[in-house]
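A.B. asks: The following file, data.txt, comprises compact mmCIF, C-alpha atoms and all ligand atoms:
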```txt
# COMPACT_ATOMS: atom_id res chain seq x y z
CA MET A 162 95.74 77.66 95.42
CA HIS A 163 98.13 78.95 98.10
CA ILE A 164 95.59 81.53 99.30
CA ASP A 165 93.22 78.70 100.31
CA LYS A 166 95.45 78.10 103.36
CA PHE A 167 94.59 81.59 104.67
CA THR A 168 90.80 81.48 104.84
CA ASP A 169 90.81 82.87 108.40
CA ALA A 170 92.73 85.97 107.35
CA ILE A 171 90.61 86.44 104.21
CA LEU A 172 87.29 86.21 106.04
CA ASN A 173 88.28 88.25 109.09
CA CYS A 174 90.49 90.95 107.58
CA ARG A 175 88.06 91.84 104.77
CA PHE A 176 85.62 93.38 107.26
CA CYS A 177 88.17 94.87 109.67
CA PHE A 178 89.88 98.24 109.65
CA MET A 179 91.52 98.00 113.08
CA CYS A 180 95.15 97.97 111.91
CA ARG A 181 94.91 100.38 108.99
CA HIS A 182 97.10 102.96 110.80
CA LEU A 183 99.96 100.39 110.86
CA SER A 184 99.98 99.77 107.12
CA GLY A 185 103.24 101.42 106.08
CA ILE A 186 102.45 101.85 102.41
CA GLY A 187 98.91 103.02 103.17
CA ASN A 188 100.40 105.69 105.42
CA VAL A 189 102.51 107.15 102.63
CA THR A 190 100.21 106.64 99.62
CA PHE A 191 96.96 107.46 101.49
CA THR A 192 95.28 104.70 99.49
CA GLU A 193 92.68 102.48 101.14
CA ALA A 194 93.76 99.60 98.88
CA ASP A 195 97.06 99.42 100.79
CA THR A 196 95.56 98.02 103.98
CA PRO A 197 95.05 94.42 105.09
CA ARG A 198 91.26 94.89 104.84
CA VAL A 199 91.16 95.82 101.16
CA ARG A 200 93.87 93.36 100.18
CA ALA A 201 91.83 90.61 101.87
CA SER A 202 88.65 91.86 100.18
CA MET A 203 90.32 91.63 96.78
CA ILE A 204 91.68 88.16 97.53
CA TYR A 205 88.20 87.12 98.71
CA GLY A 206 87.07 88.24 95.25
CA VAL A 207 89.57 85.82 93.72
CA THR A 208 88.08 82.95 95.74
CA GLN A 209 84.59 83.95 94.54
CA GLY A 210 85.53 84.53 90.90
CA THR A 211 84.78 88.28 91.00
CA MET A 212 88.47 89.29 90.93
CA GLN A 213 90.86 87.85 88.37
CA LEU A 214 94.43 86.89 89.27
CA ASP A 215 95.68 88.75 86.20
CA ASN A 216 94.06 92.06 87.19
CA GLU A 217 96.88 94.62 86.98
CA ASP A 218 95.65 96.82 89.86
CA PHE A 219 95.27 93.77 92.10
CA ILE A 220 98.78 92.57 91.26
CA ALA A 221 100.33 96.03 91.73
CA THR A 222 98.65 96.38 95.15
CA LEU A 223 100.03 93.08 96.35
CA TYR A 224 103.57 93.86 95.21
CA ARG A 225 103.40 97.31 96.89
CA ASN A 226 102.87 95.73 100.33
CA ASP A 227 105.77 96.58 102.67
CA LEU A 228 105.18 93.30 104.57
CA SER A 229 106.33 94.81 107.87
CA GLY A 230 104.23 92.43 109.96
CA ALA A 231 103.09 95.35 112.16
CA CYS A 232 99.41 94.69 111.40
CA ARG A 233 99.67 90.94 112.10
CA ARG A 234 101.67 91.48 115.29
CA ASN A 235 99.24 94.00 116.73
CA CYS A 236 96.07 92.26 115.56
CA VAL A 237 94.21 90.84 118.58
CA LYS A 238 93.96 87.46 116.83
CA HIS A 239 97.23 87.79 114.87
CA PHE A 240 95.54 86.96 111.57
CA ASP A 241 98.27 86.22 109.05
CA GLU A 242 97.79 89.06 106.58
CA ILE A 243 101.47 88.69 105.63
CA GLY A 244 101.16 85.00 104.79
CA LEU A 245 98.08 85.86 102.77
CA THR A 246 99.89 88.42 100.60
CA LEU A 247 102.83 86.05 100.10
CA ALA A 248 100.42 83.24 99.14
CA ALA A 249 98.62 85.48 96.65
CA ARG A 250 101.96 86.49 95.12
CA ALA A 251 102.88 82.81 94.72
CA ASP A 252 99.51 82.14 93.06
CA ILE A 253 100.07 85.08 90.68
CA VAL A 254 103.54 83.80 89.77
CA GLU A 255 102.39 80.20 89.29
CA ALA A 256 99.51 81.35 87.08
CA GLY A 257 102.08 83.14 84.88
CA HIS A 258 100.90 86.67 85.73
CA ALA A 259 104.02 88.09 87.44
CA PRO A 260 104.69 91.62 86.15
CA ALA A 261 107.77 92.12 83.98
CA VAL A 262 109.61 94.02 86.74
CA VAL A 263 109.04 91.18 89.23
CA LYS A 264 110.15 88.55 86.71
CA ALA A 265 113.33 90.52 86.07
CA ILE A 266 114.10 90.87 89.80
CA ALA A 267 113.53 87.15 90.37
CA LYS A 268 115.82 86.25 87.48
CA GLU A 269 118.51 88.59 88.80
CA LEU A 270 118.19 87.20 92.36
CA ALA A 271 118.39 83.58 91.23
CA ALA A 272 121.58 84.40 89.30
CA THR A 273 123.19 85.81 92.50
CA ALA A 274 122.71 82.56 94.45
CA LYS A 275 126.41 81.77 94.77
CA TRP A 276 128.88 82.44 97.54
CA THR A 277 132.57 82.60 98.38
CA ALA A 278 134.23 81.91 101.71
CA LYS A 279 137.39 83.31 103.24
CA GLY A 280 139.00 82.99 106.66
CA SER A 281 138.91 80.13 109.12
CA GLY A 282 137.24 79.24 112.39
CA ASP A 283 134.13 77.70 113.90
CA ILE A 284 131.93 80.73 113.30
CA LEU A 285 130.59 81.71 109.87
CA TYR A 286 129.58 85.35 109.30
CA PHE A 287 127.23 85.73 106.34
CA GLU A 288 127.65 89.00 104.47
CA ASP A 289 124.56 89.25 102.25
CA LEU A 290 124.12 91.82 99.49
CA TYR A 291 122.69 94.59 101.74
CA THR A 292 125.35 94.04 104.41
CA LYS A 293 128.03 94.17 101.72
CA GLU A 294 126.59 97.41 100.32
CA ALA A 295 126.63 98.94 103.82
CA ALA A 296 130.35 98.14 103.96
CA THR A 297 130.92 99.58 107.43
CA VAL A 298 128.73 96.90 109.07
CA ALA A 299 131.07 94.01 108.26
CA THR A 300 134.04 96.20 109.24
CA ALA A 301 132.44 96.87 112.62
CA PHE A 302 131.79 93.15 113.10
CA ALA A 303 135.46 92.46 112.28
CA LYS A 304 136.56 94.97 114.95
CA ILE A 305 134.34 93.25 117.53
CA MET A 306 135.69 89.81 116.61
CA LYS A 307 139.27 91.07 116.83
CA LYS A 308 138.59 92.45 120.31
CA ALA A 309 137.03 89.11 121.32
CA ASN A 310 139.94 87.26 119.72
CA VAL A 311 137.67 84.99 117.68
CA SER A 312 138.65 83.90 114.18
CA TYR A 313 135.83 83.31 111.73
CA ILE A 314 134.88 82.55 108.17
CA THR A 315 133.22 85.28 106.11
CA VAL A 316 130.84 84.09 103.42
CA THR A 317 129.86 86.71 100.87
CA GLY A 318 127.25 86.31 98.21
CA GLY A 319 123.72 86.71 96.98
CA CYS A 320 120.19 85.46 97.44
CA ILE A 321 119.76 82.60 99.90
CA GLY A 322 116.08 82.32 98.98
CA LYS A 323 114.44 85.15 100.94
CA GLY A 324 113.99 87.62 98.09
CA LEU A 325 112.69 84.92 95.75
CA LYS A 326 110.22 83.61 98.33
CA THR A 327 109.00 87.13 99.05
CA LEU A 328 108.29 87.68 95.36
CA GLY A 329 106.32 84.41 95.12
CA TYR A 330 108.97 82.29 93.40
CA LEU A 331 108.77 79.33 95.76
CA LYS A 332 110.57 76.71 93.68
CA GLU A 333 113.43 79.07 92.90
CA ALA A 334 113.61 80.06 96.59
CA GLN A 335 113.86 76.43 97.62
CA ASP A 336 116.59 75.80 95.04
CA ALA A 337 118.64 78.74 96.38
CA ALA A 338 118.06 77.58 99.97
CA LYS A 339 119.25 74.05 99.19
CA LYS A 340 122.37 75.42 97.50
CA PHE A 341 123.19 77.69 100.45
CA ALA A 342 122.60 74.93 103.01
CA ALA A 343 124.95 72.65 101.04
CA PHE A 344 127.56 75.43 100.82
CA VAL A 345 127.47 76.03 104.58
CA LYS A 346 127.59 72.29 105.30
CA LYS A 347 130.87 72.03 103.38
CA THR A 348 132.48 74.64 105.66
CA GLY A 349 131.79 72.43 108.68
CA VAL A 350 130.83 75.34 110.96
CA LYS A 351 128.32 74.87 113.75
CA THR A 352 127.23 78.52 114.06
CA VAL A 353 126.19 81.04 111.42
CA VAL A 354 125.94 84.72 112.37
CA VAL A 355 123.99 87.19 110.22
CA SER A 356 123.60 90.96 110.35
CA ASN A 357 120.62 91.10 108.00
CA PRO A 358 117.36 90.29 109.81
CA ALA A 359 115.88 89.04 106.52
CA ALA A 360 118.64 86.42 106.32
CA TYR A 361 117.92 85.45 109.93
CA ASP A 362 114.22 84.93 109.18
CA ALA A 363 115.04 82.97 106.03
CA LEU A 364 117.33 80.52 107.83
CA VAL A 365 115.22 80.14 110.97
CA ASN A 366 111.70 80.10 109.50
CA ASP A 367 111.69 79.79 105.70
CA TYR A 368 114.15 76.92 105.46
CA PRO A 369 112.21 74.55 107.75
CA ALA A 370 108.96 75.57 106.03
CA MET A 371 110.54 74.72 102.66
CA GLY A 372 111.85 71.39 103.96
CA VAL A 373 115.48 72.51 103.76
CA LYS A 374 117.66 71.30 106.65
CA PHE A 375 120.19 73.94 107.66
CA PRO A 376 123.35 72.45 109.15
CA ALA A 377 124.19 75.12 111.75
CA LYS A 378 122.76 77.16 114.60
CA VAL A 379 121.70 80.63 113.40
CA MET A 380 122.29 83.79 115.43
CA HIS A 381 121.60 87.42 114.71
CA THR A 382 124.69 89.55 115.38
CA SER A 383 122.95 91.13 118.39
CA GLU A 384 122.63 87.71 120.04
CA TYR A 385 126.15 86.71 119.07
CA ILE A 386 127.80 89.93 120.29
CA LEU A 387 125.98 89.54 123.61
CA SER A 388 127.39 86.03 123.93
CA LEU A 389 130.94 87.44 123.69
CA LYS A 390 130.43 89.25 127.05
CA LEU A 391 132.54 92.25 126.03
CA LYS A 392 132.86 95.44 128.03
CA PHE A 393 131.45 98.58 126.39
CA LYS A 394 131.61 102.30 127.08
CA LYS A 395 128.16 103.82 127.73
CA ALA A 396 126.08 104.46 124.60
CA GLY A 397 123.86 107.18 126.13
CA ASP A 398 120.66 108.39 124.45
CA ILE A 399 119.65 106.63 121.26
CA TYR A 400 116.49 105.94 119.25
CA TYR A 401 116.26 102.27 118.29
CA LEU A 402 114.19 101.56 115.16
CA GLU A 403 112.76 98.05 115.38
CA SER A 404 113.49 95.49 112.70
CA ASP A 405 110.41 93.99 111.02
CA PHE A 406 111.94 90.53 110.92
CA LEU A 407 113.49 90.52 114.39
CA ARG A 408 110.50 91.97 116.24
CA ASN A 409 107.33 91.55 114.18
CA TYR A 410 108.22 88.16 112.69
CA ASN A 411 110.32 86.63 115.48
CA GLU A 412 109.82 88.63 118.72
CA LEU A 413 113.57 88.56 119.47
CA SER A 414 114.71 90.53 122.53
CA PHE A 415 118.44 90.37 121.71
CA PRO A 416 118.74 93.87 120.18
CA HIS A 417 117.25 95.39 123.34
CA ASP A 418 119.36 93.14 125.56
CA LEU A 419 122.49 94.29 123.74
CA LEU A 420 121.47 97.96 123.96
CA LYS A 421 121.01 97.51 127.70
CA VAL A 422 124.46 95.96 128.10
CA MET A 423 125.88 98.93 126.15
CA GLY A 424 124.21 101.35 128.56
CA ALA A 425 121.92 102.78 125.89
CA VAL A 426 118.92 104.85 126.93
CA ASN A 427 116.39 104.02 124.26
CA LYS A 428 114.10 106.99 123.70
CA PRO A 429 110.67 106.48 122.11
CA PHE A 430 110.66 107.25 118.38
CA GLY A 431 107.64 108.51 116.46
CA THR A 432 104.07 108.50 117.61
CA ASN A 433 103.69 104.90 118.78
CA ASP A 434 105.60 101.69 119.43
CA GLU A 435 103.58 99.57 116.97
CA GLU A 436 104.37 101.08 113.58
CA SER A 437 107.23 99.93 111.39
CA TYR A 438 109.99 102.48 110.82
CA SER A 439 112.16 100.11 108.78
CA CYS A 440 111.71 101.61 105.27
CA GLY A 441 110.20 98.37 103.99
CA GLU A 442 112.65 95.83 105.41
CA GLY A 443 109.95 93.12 105.40
CA ALA A 444 109.47 93.44 101.64
CA VAL A 445 113.20 92.66 101.14
CA VAL A 446 113.40 93.97 97.57
CA LEU A 447 111.01 96.94 97.65
CA PRO A 448 113.68 99.34 96.27
CA LYS A 449 113.80 97.22 93.12
CA ILE A 450 110.00 97.06 92.82
CA ASP A 451 109.37 100.76 93.42
CA ALA A 452 112.18 102.96 94.79
CA LYS A 453 109.79 105.94 95.07
CA LEU A 454 107.82 104.09 97.73
CA VAL A 455 110.99 103.52 99.77
CA GLU A 456 111.81 107.22 99.44
CA LYS A 457 108.35 108.08 100.78
CA LEU A 458 108.73 105.65 103.68
CA ALA A 459 112.10 107.23 104.52
CA ALA A 460 110.63 110.76 104.45
CA TYR A 461 107.78 109.56 106.71
CA ILE A 462 110.35 108.30 109.23
CA ALA A 463 112.52 111.43 109.03
CA ALA A 464 109.45 113.57 109.69
CA ARG A 465 108.98 111.76 113.01
CA ALA A 466 112.50 112.33 114.36
CA ASP A 467 112.70 114.71 117.35
CA ASN A 468 115.85 116.37 116.04
CA PRO A 469 116.76 114.94 112.60
CA LYS A 470 120.24 116.49 112.55
CA LYS A 471 121.30 115.35 116.02
CA ASP A 472 119.31 112.23 116.95
CA HIS A 473 121.44 109.13 117.32
CA ILE A 474 119.43 106.48 115.50
CA VAL A 475 120.23 102.76 115.76
CA THR A 476 118.89 99.90 113.67
CA ALA A 477 119.49 96.16 113.54
CA SER A 478 119.09 96.21 109.79
CA PRO A 479 121.77 97.11 107.24
CA TYR A 480 118.88 97.59 104.76
CA THR A 481 117.21 100.23 106.96
CA LYS A 482 120.51 102.01 107.46
CA LEU A 483 121.15 102.05 103.71
CA MET A 484 117.72 103.45 102.84
CA LEU A 485 117.60 106.08 105.59
CA THR A 486 121.11 107.20 104.71
CA LYS A 487 120.25 107.37 101.02
CA TYR A 488 117.01 109.34 101.36
CA THR A 489 117.32 111.35 104.60
CA LYS A 490 119.87 113.26 106.66
CA LEU A 491 119.30 111.10 109.75
CA ASN A 492 122.37 109.78 111.58
CA VAL A 493 121.91 106.03 111.50
CA VAL A 494 124.21 103.25 112.70
CA THR A 495 123.62 99.54 113.00
CA LEU A 496 123.97 97.63 116.26
CA GLU A 497 127.36 96.28 115.13
CA GLU A 498 128.61 99.79 114.37
CA LEU A 499 127.40 101.10 117.73
CA ALA A 500 129.00 98.17 119.57
CA ALA A 501 132.32 98.58 117.73
CA SER A 502 132.39 102.31 118.51
CA LEU A 503 132.02 101.60 122.24
CA LEU A 504 134.87 99.09 122.63
S1 LIG B 601 95.22 91.77 110.67
FE1 LIG B 601 93.69 91.79 112.37
S2 LIG B 601 93.41 93.99 112.80
FE2 LIG B 601 94.32 93.85 110.74
S3 LIG B 601 92.60 93.79 109.30
FE3 LIG B 601 93.13 91.65 109.78
S4 LIG B 601 91.73 91.11 111.47
FE4 LIG B 601 91.79 93.37 111.38
```
Output the file's structure in the form of structure tokens.

C.D. replies:
Amino acid sequence: MHIDKFTDAILNCRFCFMCRHLSGIGNVTFTEADTPRVRASMIYGVTQGTMQLDNEDFIATLYRNDLSGACRRNCVKHFDEIGLTLAARADIVEAGHAPAVVKAIAKELAATAKWTAKGSGDILYFEDLYTKEAATVATAFAKIMKKANVSYITVTGGCIGKGLKTLGYLKEAQDAAKKFAAFVKKTGVKTVVVSNPAAYDALVNDYPAMGVKFPAKVMHTSEYILSLKLKFKKAGDIYYLESDFLRNYNELSFPHDLLKVMGAVNKPFGTNDEESYSCGEGAVVLPKIDAKLVEKLAAYIAARADNPKKDHIVTASPYTKLMLTKYTKLNVVTLEELAASLL
């Protein structure tokens, strides 16, 4: 079973409550089950035969996980509680116990795995489904590229494997990844730029782990915009909400480097610097699994703003912008939008 590769996390997390305050879903549902400790305890039960893989409560708990990576990142030993949940999901799927809603999402995602390209140049900008939905992000990127006088190819389309992998559909994720890698190879570009941190993590980490060779260098837009060495007006006071994938999964400094170049004064948001305020970015498709949970996460974030009507909030994630804009009155822009507004 996939969970057998995570014995360390199972044995250590099941007796530990140290990171419970960083469990995003636990913080909005107030349920002890939604912490790494209880998830690991239940998975330990699977290894001992006292918990069945088809137990509906067990399955629902695993698919509720917001997968922010905050617990793993701040754990003194960095036990991989995220890898453990993903492994358990894959075991559930392979045993044929995926809930109907998860099966339907996976089917829908697999069907979106096709892309179209327009434009020309050596740079490829990938506009995934969330970036497309937050239409102003790609527009801001276009403004930046025009200012830098760089022509580029825009590729628009659906799942490149991340959503499927997150749901536990490993074979389908690998199929989508192979198709996307082949599509990009045909364009001949050497650099792919992505706004969506989930797409970044997929291309940089998931593809090698799945044995899929990606034919180009991958850059998050924050890194790429920095490389253009543009001049910006001063951004002033902002609150930057960390991306799960860029910080907790990859420890990238580029968003902060870009904010510095833009003269932003990043004020501390919320009660600590460890929690995730991403609205469930790490879970990739949480709005499709349970939109009410995303709404609760958004309300939790809004309640921590110093001045919800006036605070200038910045995120690296089109997903986080979409969810906070949908469920709260917070003023949220992405890094691309902030950069474009300061040219
Ligand atoms: S991730 Fe670390 S801090 Fe959290 S429950 Fe596991 S061992 Fe404890």

A.B. asks: Which residues are close to Ala248 in chain A, i.e. within 10 Å by all atoms listed in the file, leaving aside same-chain residues fewer than 4 positions away? Reply as a PyMOL selection string.

C.D. replies: chain A and resi 162-167+242-244+252-254+326-329+331

A.B. asks: Using only C-alpha atoms and all ligand atoms, what are the residues with an atom within 8 Å of ligand LIG 601 (chain B), set out as a CSV table (one decimal) with C-alpha atoms, in the coordinates of the input?

C.D. replies:
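Output file pocket.csv is given in full below:
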```
chain,number,residue,atom,x,y,z
A,170,ALA,CA,92.7,86.0,107.4
A,173,ASN,CA,88.3,88.2,109.1
A,174,CYS,CA,90.5,91.0,107.6
A,175,ARG,CA,88.1,91.8,104.8
A,176,PHE,CA,85.6,93.4,107.3
A,177,CYS,CA,88.2,94.9,109.7
A,178,PHE,CA,89.9,98.2,109.6
A,179,MET,CA,91.5,98.0,113.1
A,180,CYS,CA,95.2,98.0,111.9
A,181,ARG,CA,94.9,100.4,109.0
A,196,THR,CA,95.6,98.0,104.0
A,197,PRO,CA,95.0,94.4,105.1
A,198,ARG,CA,91.3,94.9,104.8
A,232,CYS,CA,99.4,94.7,111.4
A,233,ARG,CA,99.7,90.9,112.1
A,234,ARG,CA,101.7,91.5,115.3
A,235,ASN,CA,99.2,94.0,116.7
A,236,CYS,CA,96.1,92.3,115.6
A,237,VAL,CA,94.2,90.8,118.6
A,238,LYS,CA,94.0,87.5,116.8
A,239,HIS,CA,97.2,87.8,114.9
A,240,PHE,CA,95.5,87.0,111.6
A,241,ASP,CA,98.3,86.2,109.0
A,242,GLU,CA,97.8,89.1,106.6
```

A.B. asks: Counting all atoms listed in the file, which residues of range 372-469 of chain A sit at most 12 Å from some atom of range 283-293 of chain A, and what is each one's closest atom pair with its distance in Å to one decimal, listed by chain and rising residue number, as JSON lines?

C.D. replies:
```
{"residue": "A:Pro376", "atom": "CA", "partner": "A:Leu285", "partner_atom": "CA", "distance": 11.8}
{"residue": "A:Ala377", "atom": "CA", "partner": "A:Leu285", "partner_atom": "CA", "distance": 9.4}
{"residue": "A:Lys378", "atom": "CA", "partner": "A:Ile284", "partner_atom": "CA", "distance": 9.9}
{"residue": "A:Val379", "atom": "CA", "partner": "A:Leu285", "partner_atom": "CA", "distance": 9.6}
{"residue": "A:Met380", "atom": "CA", "partner": "A:Tyr286", "partner_atom": "CA", "distance": 9.7}
{"residue": "A:His381", "atom": "CA", "partner": "A:Tyr286", "partner_atom": "CA", "distance": 9.9}
{"residue": "A:Thr382", "atom": "CA", "partner": "A:Tyr286", "partner_atom": "CA", "distance": 8.9}
{"residue": "A:Tyr385", "atom": "CA", "partner": "A:Ile284", "partner_atom": "CA", "distance": 10.1}
{"residue": "A:Glu442", "atom": "CA", "partner": "A:Tyr291", "partner_atom": "CA", "distance": 10.8}
{"residue": "A:Val445", "atom": "CA", "partner": "A:Tyr291", "partner_atom": "CA", "distance": 9.7}
{"residue": "A:Val446", "atom": "CA", "partner": "A:Tyr291", "partner_atom": "CA", "distance": 10.2}
{"residue": "A:Pro448", "atom": "CA", "partner": "A:Tyr291", "partner_atom": "CA", "distance": 11.6}
```

A.B. asks: Keeping only C-alpha atoms, write those residues as a CSV table (one decimal), in the frame of the given file.

C.D. replies:
```csv
chain,number,residue,atom,x,y,z
A,376,PRO,CA,123.4,72.4,109.2
A,377,ALA,CA,124.2,75.1,111.8
A,378,LYS,CA,122.8,77.2,114.6
A,379,VAL,CA,121.7,80.6,113.4
A,380,MET,CA,122.3,83.8,115.4
A,381,HIS,CA,121.6,87.4,114.7
A,382,THR,CA,124.7,89.6,115.4
A,385,TYR,CA,126.2,86.7,119.1
A,442,GLU,CA,112.6,95.8,105.4
A,445,VAL,CA,113.2,92.7,101.1
A,446,VAL,CA,113.4,94.0,97.6
A,448,PRO,CA,113.7,99.3,96.3
```

A.B. asks: Would you work out the distance separating CA of Lys482 in chain A from CA of Tyr401 in chain A, expressed in Å to one decimal?

C.D. replies: 11.6 Å

A.B. asks: Report as a PyMOL selection string all protein, DNA and RNA residues lying within 12 Å of Val373 in chain A, evaluated on all atoms listed in the file, omitting residues in the same chain fewer than 6 positions from it.

C.D. replies: chain A and resi 321-322+332+334-343+363-367

A.B. asks: Can you tell me, as a PyMOL selection string, which residues sit within 12 Å of (113.0, 83.4, 111.2) in the file's frame, using all atoms listed in the file?

C.D. replies: chain A and resi 323+355+357-370+379-381+405-413+443

A.B. asks: Using all atoms listed in the file, which of the listed residues (A:Asp451, A:Glu403, A:Glu294, A:Glu269) sits closest to Ser437 in chain A?

C.D. replies: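 So, comparing all the options, the nearest one is A:Glu403.
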
A.B. asks: State, in Å with one decimal place, the distance from CA of Lys351 in chain A to CA of Leu270 in chain A.

C.D. replies: 26.7 Å

A.B. asks: I'd like the interatomic distance between CA of Asn216 in chain A and CA of Gly187 in chain A, to a tenth of an Å.

C.D. replies: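 Value for the CA of Asn216 in chain A-CA of Gly187 in chain A distance: 20.0 Å.
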
A.B. asks: Let me make sure I understand: among A:Val354, A:Glu436, A:Ala295, A:Ala452, which one has the smallest atom-to-atom distance to Glu498 in chain A if we use all atoms listed in the file?

C.D. replies: A:Ala295

A.B. asks: Quick one: residues within 7 Å of Met212 in chain A, all atoms listed in the file, excluding same-chain residues fewer than 5 positions away - as a list in words?

C.D. replies: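 Contacts, with the query itself left out: Met203, Gly206 and Val207 of chain A.
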
A.B. asks: Find the residues around Leu447 in chain A up to 10 Å (all atoms listed in the file counted), leave out those fewer than 3 positions away in its own chain, and share them as number ranges by chain.

C.D. replies: A: 224-228, 324, 328, 440-444, 450-455

A.B. asks: Using all atoms listed in the file, find the one residue out of A:Lys390, A:His182, A:Lys347, A:Lys487 that sits nearest to Lys457 in chain A.

C.D. replies: A:Lys487

A.B. asks: Would you please work out which residue, of A:Tyr330, A:Tyr480, A:Tyr313, A:Phe219, is nearest to Ser356 in chain A when using all atoms listed in the file?

C.D. replies: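 Looking only at the distances to Ser356 in chain A, the closest residue turns out to be A:Tyr480.
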
A.B. asks: May I ask which of the residues A:Ala271, A:Val422, A:Lys279, A:Phe375 is the closest one to Val316 in chain A, counting all atoms listed in the file?

C.D. replies: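 The closest residue to Val316 in chain A is A:Lys279.
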